[in-house]
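Report on the following structure.
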Amino acid sequence: MARCADDGGGAQRGIRAVSRRWGRALAGLVQGFSAAQKPWRRAAIRLRTAQFLQQRIAVPTRYGDLVFVIDDPGELLHAREFHIREPETLAWIDGFETPCRFWDVGANIGSFSLYGGRKPGVEVIAFEPAAANYLALCRNIDANGLSARVRALCLALSDRTELGDMNLSQFSAGGVFNIFNSTEDCFGRQLDVVARHGMVGFSIDEFRRVFGVPAPHYLKIDVDSVEEAILAGSADTLRHRGLRSVLIEIEEAETARNARLRQVLESCGFHLALRSPGGRGGAVNAIFTRDPVETAFVKPREAATASPAAPAGSA
């Protein structure tokens with residue numbers, strides 16, 4: 001098992017180092033060595049080789065190592081940038097009052113669901129409707145022994161209960177901009193749809209009513225597009241006094257969409273407590289709490305300090 005430390009800006013360089021040319025060359029060797037085998041055995045050898053090359057990366061955190069089982073370069077970035085990608089989200093989870101329930105809407109391969117599940121006293125529901133991401137999420141939950149504390153659900157959340165489609169910008173694990181029943185992302189740009197698959201959608205309020213699920217104490221919404229619809233379908237949950245804080249991705253620029261999201265949350269008794277720094281592709285995280293506090297604009301150095309401390313020598 002490889003051990004991945006926080007190396008800051010080296011993440012992108014590390015991924016580029018695994019060149020397509022070397023990958024093709026090594027694949028060619030396997031194909032050549034297995035070419036003389038009968039078709040079914042040849043196929044089995046090549047698939048077994050891919051399985052043996054699957055990577056298991058251990059990322060150190062204050063709650064112990066998180067293991068990521070990775071077979072796609074898109075997933076590798078989540079592990080390599082774990083401590084630097086969204087330090088404010090890690091600090092938010094660190095501040096959870098336990099015992100508590102945490103909902104991770106748009107969990108992707110599970111970085112924050114796993115981190116929350118590692119924190120004692122946190123019960124997690126992870127919502128991830130994109131098929132490849134959901135498979136990776138379940139695999140990571142199992143690899144970390146967190147099946148009893150992190151429940152993964154392959155369904156979409158929106159403003160109503162309906163059958164719809166997941167429109168995918170990429171059909172591989174770790175990908176973003178996969179949108180339920182829309183082809184427009186959070187910036188108003190048309191999605192380049194490369195694949196789609198069917199999906200069941202629920203509003204949060206209807207999901208809780210149908211399945212008798214209690215309200216979360218902490219709610220994270222990061223779906224790259226339909227945040228407004230999700231809030232529209234969660235009016236009762238947002239007003240539930242048990243819900244203490246909401247983290248939601250907004251645009252870095254102050255847009256009309258941002259104003260609408262903030263208005264909905266403020267009407268339910270929440271106040272903006274923290275806004276993460278920009279420079280991350282045009283999106284930032286906004287953390288809302290029920291208690292009125294002075295808005296904090298976290299500087300990059302302060303955000304890095306707030307992230308879980310890795311063991312000495314791992315940075």
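FYI, nothing fancy with the structure tokens labels: chains A, B, ... in order, residues from 1 per chain, ligands from 1 as they appear.
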Contacts of Ile204 of chain A at 9 Å or less, counting only C-alpha atoms, minus same-chain residues fewer than 6 places along, as a PyMOL selection string? chain A and resi 157-160+230-231+233-237
Convert the current residue selection to file output with N, CA and C atoms, as an mmCIF file, in the first residue's frame.
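Dumped everything to result_8.cif:
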```cif
data_model
loop_
_atom_site.group_PDB
_atom_site.id
_atom_site.type_symbol
_atom_site.label_atom_id
_atom_site.label_comp_id
_atom_site.auth_asym_id
_atom_site.auth_seq_id
_atom_site.Cartn_x
_atom_site.Cartn_y
_atom_site.Cartn_z
ATOM 1 N N LEU A 157 -30.668 14.026 -5.221
ATOM 2 C CA LEU A 157 -31.558 14.904 -4.472
ATOM 3 C C LEU A 157 -31.870 16.125 -5.323
ATOM 4 N N SER A 158 -33.137 16.538 -5.274
ATOM 5 C CA SER A 158 -33.581 17.666 -6.091
ATOM 6 C C SER A 158 -34.765 18.322 -5.380
ATOM 7 N N ASP A 159 -35.684 18.912 -6.148
ATOM 8 C CA ASP A 159 -36.820 19.599 -5.529
ATOM 9 C C ASP A 159 -38.090 18.763 -5.533
ATOM 10 N N ARG A 160 -38.035 17.549 -6.109
ATOM 11 C CA ARG A 160 -39.217 16.698 -6.164
ATOM 12 C C ARG A 160 -38.790 15.237 -6.300
ATOM 13 N N ILE A 230 -32.222 21.577 -4.693
ATOM 14 C CA ILE A 230 -32.112 20.798 -3.455
ATOM 15 C C ILE A 230 -32.631 21.603 -2.273
ATOM 16 N N LEU A 231 -32.257 22.870 -2.188
ATOM 17 C CA LEU A 231 -32.766 23.708 -1.101
ATOM 18 C C LEU A 231 -34.280 23.870 -1.199
ATOM 19 N N GLY A 233 -36.375 21.769 -2.172
ATOM 20 C CA GLY A 233 -37.034 20.552 -1.721
ATOM 21 C C GLY A 233 -36.735 20.180 -0.283
ATOM 22 N N SER A 234 -36.163 21.100 0.471
ATOM 23 C CA SER A 234 -35.779 20.767 1.853
ATOM 24 C C SER A 234 -36.231 21.827 2.853
ATOM 25 N N ALA A 235 -37.352 22.487 2.566
ATOM 26 C CA ALA A 235 -37.807 23.584 3.429
ATOM 27 C C ALA A 235 -38.020 23.128 4.871
ATOM 28 N N ASP A 236 -38.685 21.987 5.057
ATOM 29 C CA ASP A 236 -38.943 21.507 6.423
ATOM 30 C C ASP A 236 -37.647 21.129 7.137
ATOM 31 N N THR A 237 -36.739 20.491 6.401
ATOM 32 C CA THR A 237 -35.479 20.069 7.002
ATOM 33 C C THR A 237 -34.625 21.277 7.375
#
```
Nearby residues (only C-alpha atoms) at most 9 Å from Phe187 of chain A, same-chain spacing under 4 positions excluded, as a CSV table (one decimal) with C-alpha atoms, in the first residue's frame:
```csv
chain,number,residue,atom,x,y,z
A,224,ASP,CA,-22.0,21.5,-9.2
A,225,SER,CA,-25.4,22.6,-10.5
A,251,GLU,CA,-19.8,30.8,-7.1
A,282,GLY,CA,-14.6,29.8,-9.8
A,283,ALA,CA,-16.3,28.0,-6.9
```
Extract, using only C-alpha atoms, all DNA, RNA and protein residues at most 10 Å from Leu114 of chain A, discarding same-chain residues fewer than 5 positions from it, and format them as a list in words.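 My reading of the contact set: Leu66, Val67, Phe68, Ala107, Ile109, Lys119, Val124, Ala126, Leu137, Asn140, Ile141, Asn144, Gly145, Leu146, Arg149 and Val150 of chain A.
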Would you write out those residues with C-alpha atoms, as a compact mmCIF listing (two decimals), in the first residue's frame?
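The resulting again.txt:
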```txt
# COMPACT_ATOMS: atom_id res chain seq x y z
CA LEU A 66 -7.90 6.93 5.19
CA VAL A 67 -7.50 4.29 2.50
CA PHE A 68 -8.45 5.08 -1.10
CA ALA A 107 -20.11 12.64 -2.03
CA ILE A 109 -15.58 8.98 -4.17
CA LYS A 119 -14.43 11.02 13.55
CA VAL A 124 -22.86 9.60 7.81
CA ALA A 126 -23.41 9.80 1.56
CA LEU A 137 -17.40 5.40 -2.84
CA ASN A 140 -13.57 3.06 -0.21
CA ILE A 141 -16.11 2.67 2.58
CA ASN A 144 -11.79 1.60 5.59
CA GLY A 145 -14.09 -0.71 7.53
CA LEU A 146 -16.72 2.03 7.80
CA ARG A 149 -20.96 4.26 10.14
CA VAL A 150 -21.17 5.49 6.53
```
Interatomic distance between atom CA of Phe288 of chain A and atom CA of Leu219 of chain A?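 Atom CA of Phe288 of chain A sits 9.9 Å away from atom CA of Leu219 of chain A.
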